[in-house]
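Engineer: One structure, pasted below without further comment.
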Amino acid sequence: MKKTWQTKLIHSDAKIPEGYRSLTTPVYRGSTTVFASASAVNDHWNQHRAGYTYGLYGTPTALELAARICELESGKYTILTPGGQAAISLIDFAMLNAGDHILVPASVYSPNRKLTTQLLSRFDITATFYDPGIGGGIAGLIQDNTRLVWTESPESITMEVQDVPAIVAAAHARNVKVVLDNTWSAGVLFDAFQHGVDITMQAITKYIGGHSDLLLGSVTVREDGIYERLGAAQQVIGCAVSPDDCSLALRGLQTLAVRLSAIESSALEIAKWLEQRPEIERVLHPALASCPGHEFWKRDFLGSSGVFSIVFKKGPTQEQVFAFVDALKIFQVGYSWAGVTSLAVAYDISRTPGQPPYDHRIVRFSIGLESTSDLIADLEQALATLGQRKAVAQESWIANS
Ligand SMILES: *Cc1c(COP(=O)(O)O)cnc(C)c1O
């Protein structure tokens with residue numbers, strides 16, 4: 001058929017050689033995917049079963065990333081979401097009905113807590129927030145309408161490592177599913193399925209992305225029935241992922257091992273240095289004995305990543321803790337850890353129920369890829385600023401404690 005130049009803009013007959021074998025997965029952008037015939041049109045979300053039907057359910061770039069994460073986590077199915085928080089909410093919306101009850105660790109990632117208290121509550125889903133150190137004692141909190149036990153190990157900010165196998169045993173005895181937020185371990189330092197977890201999710205935004213330039217999440221499962229619920233919910237919630245972000249995450253995956261290992265050793269050296277400082281009461285790093293649940297880290301994890309917290313001894317005001325963070329020159333202040341840039345954030349956890357008594361004395365670090373000695377020097381000069389302020393204010397919280 002003869003075409004005008006205007007039509008050629010859309011329907012071109014130009015030819016290029018086929019068979020370019022790139023080492024990288026192409027970025028397939030697309031909302032529409034073309035069907036072979038009128039009768040082939042369908043809207044099934046499962047692209048592995050139905051073939052490609054619509055961009056919302058994943059272009060080949062997204063499916064490639066999902067398949068690789070699934071392989072790494074030894075799952076059967078992985079669904080990608082536009083962020084880690086979207087993975088959390090997808091799990092709750094897919095798995096829960098009105099009238100259900102869930103168990104959530106008191107120190108859970110705070111947007112997960114907010115989802116539970118502010119949104120799920122509107123759909124008549126109730127929650128009990130439990131002590132993350134509860135272990136098998138979770139059995140006492142399981143009700144007849146309990147459907148899910150959330151775990152997060154270690155917890156955000158307060159870093160408690162959970163006895164996941166003990167929680168799984170208690171939950172499974174009552175036919176309750178266990179979900180894990182496995183972001184800290186990048187899905188590779190803790191084997192969720194080997195420890196009995198039913199649904200594992202992580203923020204790909206963090207270590208797999210690894211460069212603070214994308215937002216993605218993943219949910220990985222083994223059971224067909226859970227996968228069907230998740231896929232059907234994802235379709236109607238309509239959370240698509242960007243193929244460009246998936247392409248960046250595929251790049252990130254290739255260097256995950258070397259980044260994690262460099263970050264692990266740097267973070268450990270810094271945590272041990274901080275442990276010796278007179279200003280600090282406690283370093284909450286899962287690989288150190290001072291971290292609650294350290295014994296479970298030792299038993300269950302293959303290594304550690306770069307996120308940990310310190311708790312100052314009693315004395316400094318919140319302003320003084322802020323001043324310490326502000327005095328840091330290499331560490332930047334910001335959320336979304338696990339990039340190449342080291343970060344520090346001061347928290348006041350006194351208003352969240354069920355928290356350890358660290359109040360405003362807790363600072364969380366994410367160690368990046370700067371040189372360890374520069375990071376230690378930065379911490380040293382910021383701690384010295386804290387001492388000077390103390391002298392000016394005629395306080396002696398370090399000497400007294
Ligand atoms: C960052 C984070 C999330 C959420 O990930 P986003 O991609 O930022 O939505 C969930 N859980 C944990 C433990 C996190 O650190």
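A note on labels: chains of the structure tokens are A, B, ... as shown, every chain counts residues from 1, and ligands are counted from 1 in their shown order.
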Can you tell me which residues sit at most 9 Å away from ligand 1, counting only C-alpha atoms and all ligand atoms, written as a ChimeraX atom specification?
Structural biologist: /A:81-88,108-112,152-156,181-184,201-206,214-217,335-338
Engineer: If DSSP is run on the backbone, what residues of stretch 86-318 of chain A are alpha helix (DSSP H)? A reply as a ChimeraX atom specification would be ideal.
Structural biologist: /A:86-95,110-114,164-173,224-237,243-254,256-275,294-300,318
Engineer: What does the distance between atom CA of A:Ala186 and atom CA of A:Leu260 come to in Å, to one decimal place?
Structural biologist: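 Separation of atom CA of A:Ala186 and atom CA of A:Leu260: 8.9 Å.
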Engineer: Would you mind listing what lies within 10 Å of A:Ser31 as a PDB file with all heavy atoms, in the first residue's frame, with only C-alpha atoms counted and same-chain residues fewer than 2 positions away left out?
Structural biologist:
```pdb
ATOM      1  N   TYR A  28      12.430  -1.568  26.895  1.00  0.00           N
ATOM      2  CA  TYR A  28      11.188  -1.652  26.123  1.00  0.00           C
ATOM      3  C   TYR A  28      10.183  -0.735  26.779  1.00  0.00           C
ATOM      4  O   TYR A  28       9.678  -1.036  27.851  1.00  0.00           O
ATOM      5  CB  TYR A  28      10.627  -3.080  26.133  1.00  0.00           C
ATOM      6  CG  TYR A  28      11.425  -4.077  25.338  1.00  0.00           C
ATOM      7  CD1 TYR A  28      12.399  -4.858  25.949  1.00  0.00           C
ATOM      8  CD2 TYR A  28      11.193  -4.256  23.970  1.00  0.00           C
ATOM      9  CE1 TYR A  28      13.132  -5.798  25.228  1.00  0.00           C
ATOM     10  CE2 TYR A  28      11.917  -5.188  23.242  1.00  0.00           C
ATOM     11  CZ  TYR A  28      12.884  -5.949  23.868  1.00  0.00           C
ATOM     12  OH  TYR A  28      13.596  -6.863  23.153  1.00  0.00           O
ATOM     13  N   ARG A  29       9.916   0.398  26.112  1.00  0.00           N
ATOM     14  CA  ARG A  29       8.863   1.272  26.627  1.00  0.00           C
ATOM     15  C   ARG A  29       7.566   0.884  25.929  1.00  0.00           C
ATOM     16  O   ARG A  29       7.587   0.486  24.765  1.00  0.00           O
ATOM     17  CB  ARG A  29       9.170   2.727  26.327  1.00  0.00           C
ATOM     18  CG  ARG A  29      10.430   3.217  27.002  1.00  0.00           C
ATOM     19  CD  ARG A  29      10.476   4.734  27.001  1.00  0.00           C
ATOM     20  NE  ARG A  29      11.759   5.173  27.517  1.00  0.00           N
ATOM     21  CZ  ARG A  29      12.838   5.346  26.765  1.00  0.00           C
ATOM     22  NH1 ARG A  29      12.783   5.145  25.468  1.00  0.00           N
ATOM     23  NH2 ARG A  29      13.963   5.741  27.318  1.00  0.00           N
ATOM     24  N   THR A  33       0.702  -3.018  23.541  1.00  0.00           N
ATOM     25  CA  THR A  33       1.436  -4.077  22.865  1.00  0.00           C
ATOM     26  C   THR A  33       0.473  -4.647  21.834  1.00  0.00           C
ATOM     27  O   THR A  33      -0.711  -4.836  22.116  1.00  0.00           O
ATOM     28  CB  THR A  33       1.967  -5.143  23.855  1.00  0.00           C
ATOM     29  OG1 THR A  33       2.425  -6.267  23.115  1.00  0.00           O
ATOM     30  CG2 THR A  33       0.907  -5.600  24.828  1.00  0.00           C
ATOM     31  N   VAL A  34       0.973  -4.847  20.636  1.00  0.00           N
ATOM     32  CA  VAL A  34       0.082  -5.159  19.516  1.00  0.00           C
ATOM     33  C   VAL A  34      -0.284  -6.641  19.517  1.00  0.00           C
ATOM     34  O   VAL A  34       0.581  -7.497  19.695  1.00  0.00           O
ATOM     35  CB  VAL A  34       0.772  -4.770  18.187  1.00  0.00           C
ATOM     36  CG1 VAL A  34      -0.088  -5.158  16.990  1.00  0.00           C
ATOM     37  CG2 VAL A  34       1.071  -3.276  18.177  1.00  0.00           C
ATOM     38  N   THR A  53       0.057  -8.361  26.907  1.00  0.00           N
ATOM     39  CA  THR A  53      -1.272  -7.802  26.651  1.00  0.00           C
ATOM     40  C   THR A  53      -1.329  -6.290  26.857  1.00  0.00           C
ATOM     41  O   THR A  53      -2.045  -5.591  26.160  1.00  0.00           O
ATOM     42  CB  THR A  53      -2.341  -8.451  27.559  1.00  0.00           C
ATOM     43  OG1 THR A  53      -2.003  -8.214  28.933  1.00  0.00           O
ATOM     44  CG2 THR A  53      -2.437  -9.956  27.305  1.00  0.00           C
ATOM     45  N   TYR A  54      -0.573  -5.787  27.835  1.00  0.00           N
ATOM     46  CA  TYR A  54      -0.647  -4.353  28.119  1.00  0.00           C
ATOM     47  C   TYR A  54       0.570  -3.944  28.941  1.00  0.00           C
ATOM     48  O   TYR A  54       1.017  -4.687  29.819  1.00  0.00           O
ATOM     49  CB  TYR A  54      -1.946  -4.039  28.884  1.00  0.00           C
ATOM     50  CG  TYR A  54      -2.256  -2.569  28.986  1.00  0.00           C
ATOM     51  CD1 TYR A  54      -2.145  -1.731  27.868  1.00  0.00           C
ATOM     52  CD2 TYR A  54      -2.646  -1.989  30.191  1.00  0.00           C
ATOM     53  CE1 TYR A  54      -2.407  -0.371  27.962  1.00  0.00           C
ATOM     54  CE2 TYR A  54      -2.927  -0.632  30.289  1.00  0.00           C
ATOM     55  CZ  TYR A  54      -2.800   0.174  29.170  1.00  0.00           C
ATOM     56  OH  TYR A  54      -3.058   1.510  29.247  1.00  0.00           O
ATOM     57  N   GLY A  55       1.066  -2.736  28.655  1.00  0.00           N
ATOM     58  CA  GLY A  55       2.286  -2.252  29.322  1.00  0.00           C
ATOM     59  C   GLY A  55       2.190  -2.213  30.841  1.00  0.00           C
ATOM     60  O   GLY A  55       3.184  -2.380  31.545  1.00  0.00           O
ATOM     61  N   LEU A  56       0.999  -2.012  31.332  1.00  0.00           N
ATOM     62  CA  LEU A  56       0.798  -1.948  32.792  1.00  0.00           C
ATOM     63  C   LEU A  56       1.309  -3.212  33.485  1.00  0.00           C
ATOM     64  O   LEU A  56       1.769  -3.174  34.618  1.00  0.00           O
ATOM     65  CB  LEU A  56      -0.701  -1.746  33.086  1.00  0.00           C
ATOM     66  CG  LEU A  56      -1.159  -1.776  34.544  1.00  0.00           C
ATOM     67  CD1 LEU A  56      -0.543  -0.633  35.335  1.00  0.00           C
ATOM     68  CD2 LEU A  56      -2.684  -1.685  34.629  1.00  0.00           C
ATOM     69  N   TYR A  57       1.206  -4.341  32.789  1.00  0.00           N
ATOM     70  CA  TYR A  57       1.572  -5.614  33.428  1.00  0.00           C
ATOM     71  C   TYR A  57       3.035  -5.970  33.215  1.00  0.00           C
ATOM     72  O   TYR A  57       3.478  -7.045  33.622  1.00  0.00           O
ATOM     73  CB  TYR A  57       0.661  -6.736  32.902  1.00  0.00           C
ATOM     74  CG  TYR A  57      -0.797  -6.332  32.835  1.00  0.00           C
ATOM     75  CD1 TYR A  57      -1.566  -6.585  31.708  1.00  0.00           C
ATOM     76  CD2 TYR A  57      -1.382  -5.657  33.904  1.00  0.00           C
ATOM     77  CE1 TYR A  57      -2.894  -6.186  31.646  1.00  0.00           C
ATOM     78  CE2 TYR A  57      -2.708  -5.244  33.833  1.00  0.00           C
ATOM     79  CZ  TYR A  57      -3.455  -5.503  32.708  1.00  0.00           C
ATOM     80  OH  TYR A  57      -4.764  -5.104  32.644  1.00  0.00           O
ATOM     81  N   GLY A  58       3.765  -5.062  32.584  1.00  0.00           N
ATOM     82  CA  GLY A  58       5.203  -5.259  32.442  1.00  0.00           C
ATOM     83  C   GLY A  58       5.655  -5.455  31.015  1.00  0.00           C
ATOM     84  O   GLY A  58       5.163  -6.327  30.320  1.00  0.00           O
ATOM     85  N   THR A  59       6.617  -4.615  30.605  1.00  0.00           N
ATOM     86  CA  THR A  59       7.285  -4.827  29.315  1.00  0.00           C
ATOM     87  C   THR A  59       8.410  -5.836  29.572  1.00  0.00           C
ATOM     88  O   THR A  59       8.680  -6.175  30.729  1.00  0.00           O
ATOM     89  CB  THR A  59       7.865  -3.512  28.771  1.00  0.00           C
ATOM     90  OG1 THR A  59       9.009  -3.162  29.552  1.00  0.00           O
ATOM     91  CG2 THR A  59       6.843  -2.380  28.806  1.00  0.00           C
ATOM     92  N   ALA A 240       1.927   0.625  37.685  1.00  0.00           N
ATOM     93  CA  ALA A 240       2.898   0.180  36.681  1.00  0.00           C
ATOM     94  C   ALA A 240       4.303   0.603  37.099  1.00  0.00           C
ATOM     95  O   ALA A 240       4.466   1.534  37.879  1.00  0.00           O
ATOM     96  CB  ALA A 240       2.554   0.798  35.339  1.00  0.00           C
TER      97      ALA A 240
END
```
Engineer: Can you list, as number ranges by chain, all residues belonging to stretch 142-337 of chain A that DSSP tags as strand (DSSP E or B)?
Structural biologist: A: 146-152, 177-181, 190, 199-203, 217-221, 280-284, 301, 307-312, 332
Engineer: Residues at most 8 Å from A:Ser242, counting only C-alpha atoms, excluding those fewer than 3 positions away in the same chain, as a PyMOL selection string?
Structural biologist: chain A and resi 62+82+245-246
Engineer: Closest to A:Asp300 among A:Ile270, A:Ala232, A:Ala192, A:Val340, using only C-alpha atoms?
Structural biologist: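 Answer, going by the shortest atom-to-atom distance: A:Ala192.
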Engineer: List the neighbours of A:Gly303 out to 9 Å using only C-alpha atoms; skip same-chain residues closer than 4 positions along the sequence, and give me the result as a VMD selection string.
Structural biologist: chain A and resid 185 189 to 190 261 264 287 297 to 298
Engineer: Compare A:Ser212, A:Thr158, A:Gln143, A:Thr25 by their minimum atom-to-atom distance to A:Pro357, counting only C-alpha atoms, and give me the closest one.
Structural biologist: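 Answer, going by the shortest atom-to-atom distance: A:Thr158.
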Engineer: In Å, how far is it from atom CA of A:Glu223 to atom CA of A:Val41?
Structural biologist: 28.1 Å
Engineer: Counting only C-alpha atoms, what is within 9 Å of A:Gln234, bar same-chain residues fewer than 4 positions away, as a list in words?
Structural biologist: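 Listing them by chain and then by number gives Trp45, Tyr57, Ile79, Thr81, Leu90, Ala94, Arg229, Leu230, Gly238, Cys239 and Ala240 of chain A.
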Engineer: Atom CA of A:Leu256 and atom CA of A:Ala66 are how many Å apart?
Structural biologist: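 Between atom CA of A:Leu256 and atom CA of A:Ala66 the gap works out to 15.6 Å.
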Engineer: Could you check which of A:Lys3, A:Leu369, A:Gly354, A:Glu295 is closest to A:Ser107, using only C-alpha atoms?
Structural biologist: A:Gly354
Engineer: Could you list, as a PyMOL selection string, every residue within 12 Å of A:Glu269, counting only C-alpha atoms and ignoring same-chain residues fewer than 3 positions away?
Structural biologist: chain A and resi 262-266+272-276+283+285+287-288+306+308+367+371-373+375-376
Engineer: Which of these residues is nearest to A:Gly137, using only C-alpha atoms: A:Glu380, A:Gly196, A:Asp163, A:Trp150?
Structural biologist: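 Among A:Glu380, A:Gly196, A:Asp163, A:Trp150, it is A:Asp163 that comes nearest to A:Gly137.
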